[in-house]
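See below for the structure under consideration.
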Amino acid sequence: MINLITSIVRHRTALVGLILLSLVVAVAIAAPLIVPYPEDAQTFHIERRLLPPSSEALFGTDRMGGDIFSRVVLGARMTLLITATVVLSGVLIGVPIGLVAGYYNNGISLVLGGGAEILLAVPQIILAIAITQSLGPSIGSVILALSVTYWPFWARIVFTETRSMCHETFVESAIALGVSAWRVIFLHILPNIASSIVVRTTTAIGTTAFASATLGFLGLGPPPPSPEWGRMIAESRDYLPDAWWYALAPGLALLLTVLGCTLFGDGLRDILDPKTRRRG
Amino acid sequence: MNVVSMVVNRLVWFVPTVLGLLAVVFVLARIVPTDPAVLAAGENATAEQVQEARERLALDRPLPEQFVEYLRQVVQGDLGTSFYTQQPIVDDLTERLPATLELTILGVLAAGLIGVPLGVISGLNRNSWLDHLLRLVSVLFIGVAPFWIAMQLQLLFSMQLGWLPLSGRIDDFAPEAMTGFLTIDALVAGDLQNFLSALRHIVLPTLTLALPGAAVIVRFTRTSVVEAVNSPSVAYQTAMGLPRRVIVWKYILRLALNSTVTQLGLVFGISLTGAVVIEAVFEWPGLGTYAVRSILHSDYNAVMGVTLCVGVLFALSNLLVDLLQMAIDPRGAT
C-alpha cells in the first residue's frame, strides 16, 4: 500500500490525475459551503439573467439568473452521485459475473459471458438513450440505464483475466489440493486480478461522467432546474453567440473530471502493470 | 482453431447479438408508460379501435408469442409508424442514414489522416517536447465532450468569424440522389457550387467527430511505434548499420501500423455513436437529429428504430473489424 502511494506520487501523470479527481470530489462534497449562491440550484432571479462574467458571478449568469459557477459546483454533486452509483453497481454486477463465467466452463458461463458480449456489441450510449427514454427523464433512470449498460465492461475484463489465471500453477495446485471453488475464486484469483479491476474502474468513472452528461445534453437527464452539466450546455445553445460564457464552466468542469480519470487511470496502469512499466 | 472456423465463429456470434438487441428493444417498448395499442390506434380512437389495434399488433397474446410476432415484423422491414412524421419508420431511417454515414466515414478518414502521422511522430521522438505536447493535447481531446467542442467551433467559425455555415447540410436543394452522400452526388452531377456548399457544411461536424477519434489514434499509434522501436528486429537492423530512414519506413512503420486498421474500425464505431449526439448540434439531417427530435416528441417507436439501426451498424462494423484483423494477423484472434 505504501509502495503504491509512493509510486503514484513519483508518477507525474498519475499524480496530476489524482489531484484533479480529488479536487472534483472535494468540491462536490463541500459544494453548499463554497458556492456564493447555494440557493441558485432551484431559485430564479430574472432581474440578473444572462449577465457576463464579473466579480459577482465568476462565470456569468444563466437564463434564469442563476450564478453559473454556483450551479456547476452544485452540479458536481449530481454527477458524482450518478457516477458513483453506476460504477459501484457496475463493479458489483460485473465482477462476480466475470469471475463465475471465467472460472467455470459450462452452460452458465456461456450464458453470462454471451450476455455480456451481446450488450457490448451494441453502443452503450444508444442503449442508455433508449432506456432513459422509456423510463422518462430523471436521475434514477440515468443511473439505471447506465448501470444496465456498463457492467459488461467489468465482466469482460474479469472474465478474460480469470480464464488466464485458471491456467496458472498456483491456481491449478489449489484446485488439485481440493480447495473449494469459492475459496479459489475469492482468495486466489480475485487478489491477483484486482489491479486490472482498479484501472478499469478509474477510467470508467470518466466514461460514466461523460455518458451522464451526454444524456443530460439530449434532454434525458434530471429535469430542469437541476444543475446538470449536460443540460446546462444544451440550454446555452439558445443564447449563442451573445452568452458565450454560458457553456464555458460546465464544459470545463466535465473536461477536468474526465481528464483526471484518464490521467489517473493511465498512471495506475503504468504502475500496476509490470509489462508496460518497462516501456515507460 | 484455424482461420475458417474462427471466421465462422464470428459470423455465428452475430446472430445472437442482433437477437439480443431486438430483445432489449422489445422489452423497452413494453415498459414505456403509454399503452402501445393506444398509441397505434391514434389520438381520437374509440375503445373498439384500440381493441382492434391491440389484436392487430398481437398485444393480447403472451409475451414470447409477441416477441415472435415482433421479429416477424422486423424481418419484413416493419418497424411501425412514427407519430411525428406519420411515415413508416423504416422509410424515415433509410432517408437519413446516408447523411449519418457520410459524416461518420469522413470523420474517421480525417481522424486517421490527423492521428496516424502525429502518433508516428510522437512515438519516434519519445519524450521530446513534441511528444509531451502531443500526449497532452490528445488526452485533452479525449476528455472534452464532443457536443461542447461542436458548440465552441460553431461559436468561433460560424458566429464570430462567419467562415463556415452554422448548421444544415447544403444551401440550395440537394443534387439528385445517387449515393445519398451530398458531396459525392454533387461531384457526379458536375455541380461545383453545390459541391462546395456541401463541403463547407460538412467541415465543422467532421472536425468535431475527428478530433476525439484522432486523439485515440495518436495514443494508440504512439504505443505501437514505441513498441516497434524497442523490438529486437529493429535493434538488429540498427546494429547492421541500416540507415535510420530505411529502418523507420521499412521496419518500424510496418510493424507498428499493422493494427491501425483495427483501430480505425473501432474509431468508426465510436464515431457512429458520436455522430448521433453531435448531429443535433449542427442540425445535420441524419439519424441523430431524428433521434433527438423523436425523444422530444416522445416518439417511442422512432427512438427504438434508431436504437436498432445504430446497434446493427455498430455490431456490423465490429464484425468487419474482427474479420479484417484475422485477415491481417491470423495469430491474434481466438
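Please note that chains go A, B, ... in the order of the C-alpha cells, that every chain numbers its residues from 1, and that ligands are numbered from 1 in the order shown.
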
Listing only residues of chain A within 7 Å of chain B, what is the closest atom pair and its distance in Å (to one decimal) for each, using only C-alpha atoms, sorted by chain and residue number ascending, as a Markdown table?
| residue | atom | partner | partner_atom | distance |
| --- | --- | --- | --- | --- |
| A:Ile118 | CA | B:Thr17 | CA | 4.8 |
| A:Ala121 | CA | B:Ala315 | CA | 5.3 |
| A:Val122 | CA | B:Gly311 | CA | 4.9 |
| A:Pro123 | CA | B:Gly311 | CA | 6.2 |
| A:Ile126 | CA | B:Thr307 | CA | 5.9 |
| A:Leu127 | CA | B:Thr307 | CA | 6.7 |
| A:Ala130 | CA | B:Met304 | CA | 6.5 |
| A:Ile131 | CA | B:Leu28 | CA | 6.6 |
| A:Gln133 | CA | B:Ile295 | CA | 6.7 |
| A:Ser134 | CA | B:Val32 | CA | 4.7 |
| A:Leu135 | CA | B:Val32 | CA | 6.4 |
| A:Leu218 | CA | B:Val292 | CA | 6.6 |
| A:Pro241 | CA | B:Leu155 | CA | 6.0 |
| A:Gly251 | CA | B:Trp148 | CA | 6.3 |
| A:Leu255 | CA | B:Val144 | CA | 4.9 |
| A:Val258 | CA | B:Gly143 | CA | 5.0 |
| A:Leu259 | CA | B:Gly143 | CA | 5.0 |

Q: Once DSSP has gone over the backbone, tell me which residues of range 187-277 of chain A are in helix (DSSP H, G or I), as number ranges by chain.
A: A: 187-217, 229-239, 248-272, 274-277

Q.
If we count only C-alpha atoms and set the cut-off at 12 Å, which residues sit around range 116-120 of chain B, ignoring sequence neighbours fewer than 5 positions away in its own chain? Please answer as a VMD selection string.
A. chain B and resid 108 to 111 125 to 126 130 to 135 137 to 138 213 to 229 248 to 249 252 to 261 263 to 264

Q: For Gly206 in chain A, please output as an NGL selection string all residues within 12 Å (counting only C-alpha atoms; exclusion window: fewer than 6 positions along the same chain).
A: (:A and (17 or 20-21 or 24 or 79-80 or 82-84 or 86-87 or 199-200 or 212-213 or 253-265)) or (:B and (142-145))

**Q.** Of the listed residues A:Gly94, A:Pro223, A:Gly113, A:Gly107, that which approaches Gly140 in chain A most closely, counting only C-alpha atoms
**A.** A:Pro223

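Closest approach to Pro152 in chain A among A:Leu74, A:Ala101, A:Val35, A:Cys166 is made by A:Ala101 (distances from only C-alpha atoms).
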
Q: For each of B:Tyr236, B:Phe268, B:Phe195, B:Phe157, take the minimum atom-to-atom distance to Val321 in chain B, counting only C-alpha atoms, then give the residue where this is smallest.
A: B:Phe268

Q.
Report as a PyMOL selection string all protein, DNA and RNA residues lying within 12 Å of Ser55 in chain A, evaluated on only C-alpha atoms, omitting residues in the same chain fewer than 3 positions from it.
A. chain A and resi 36+51-52+58-61+67+69

(Q) Would you pick out the contacts of Leu199 in chain B at 9 Å or less, using only C-alpha atoms, so that residues sharing its chain but fewer than 4 positions from it are not included, and give the list as a ChimeraX atom specification? (A) /B:169-170,182-183,194-195,203

Q. Quick one: residues within 12 Å of Val75 in chain B, only C-alpha atoms counted, chain neighbours fewer than 3 positions away excluded, as an MDAnalysis selection string?
A. chainID B and resid 18:19 22 68:72 78:79 90
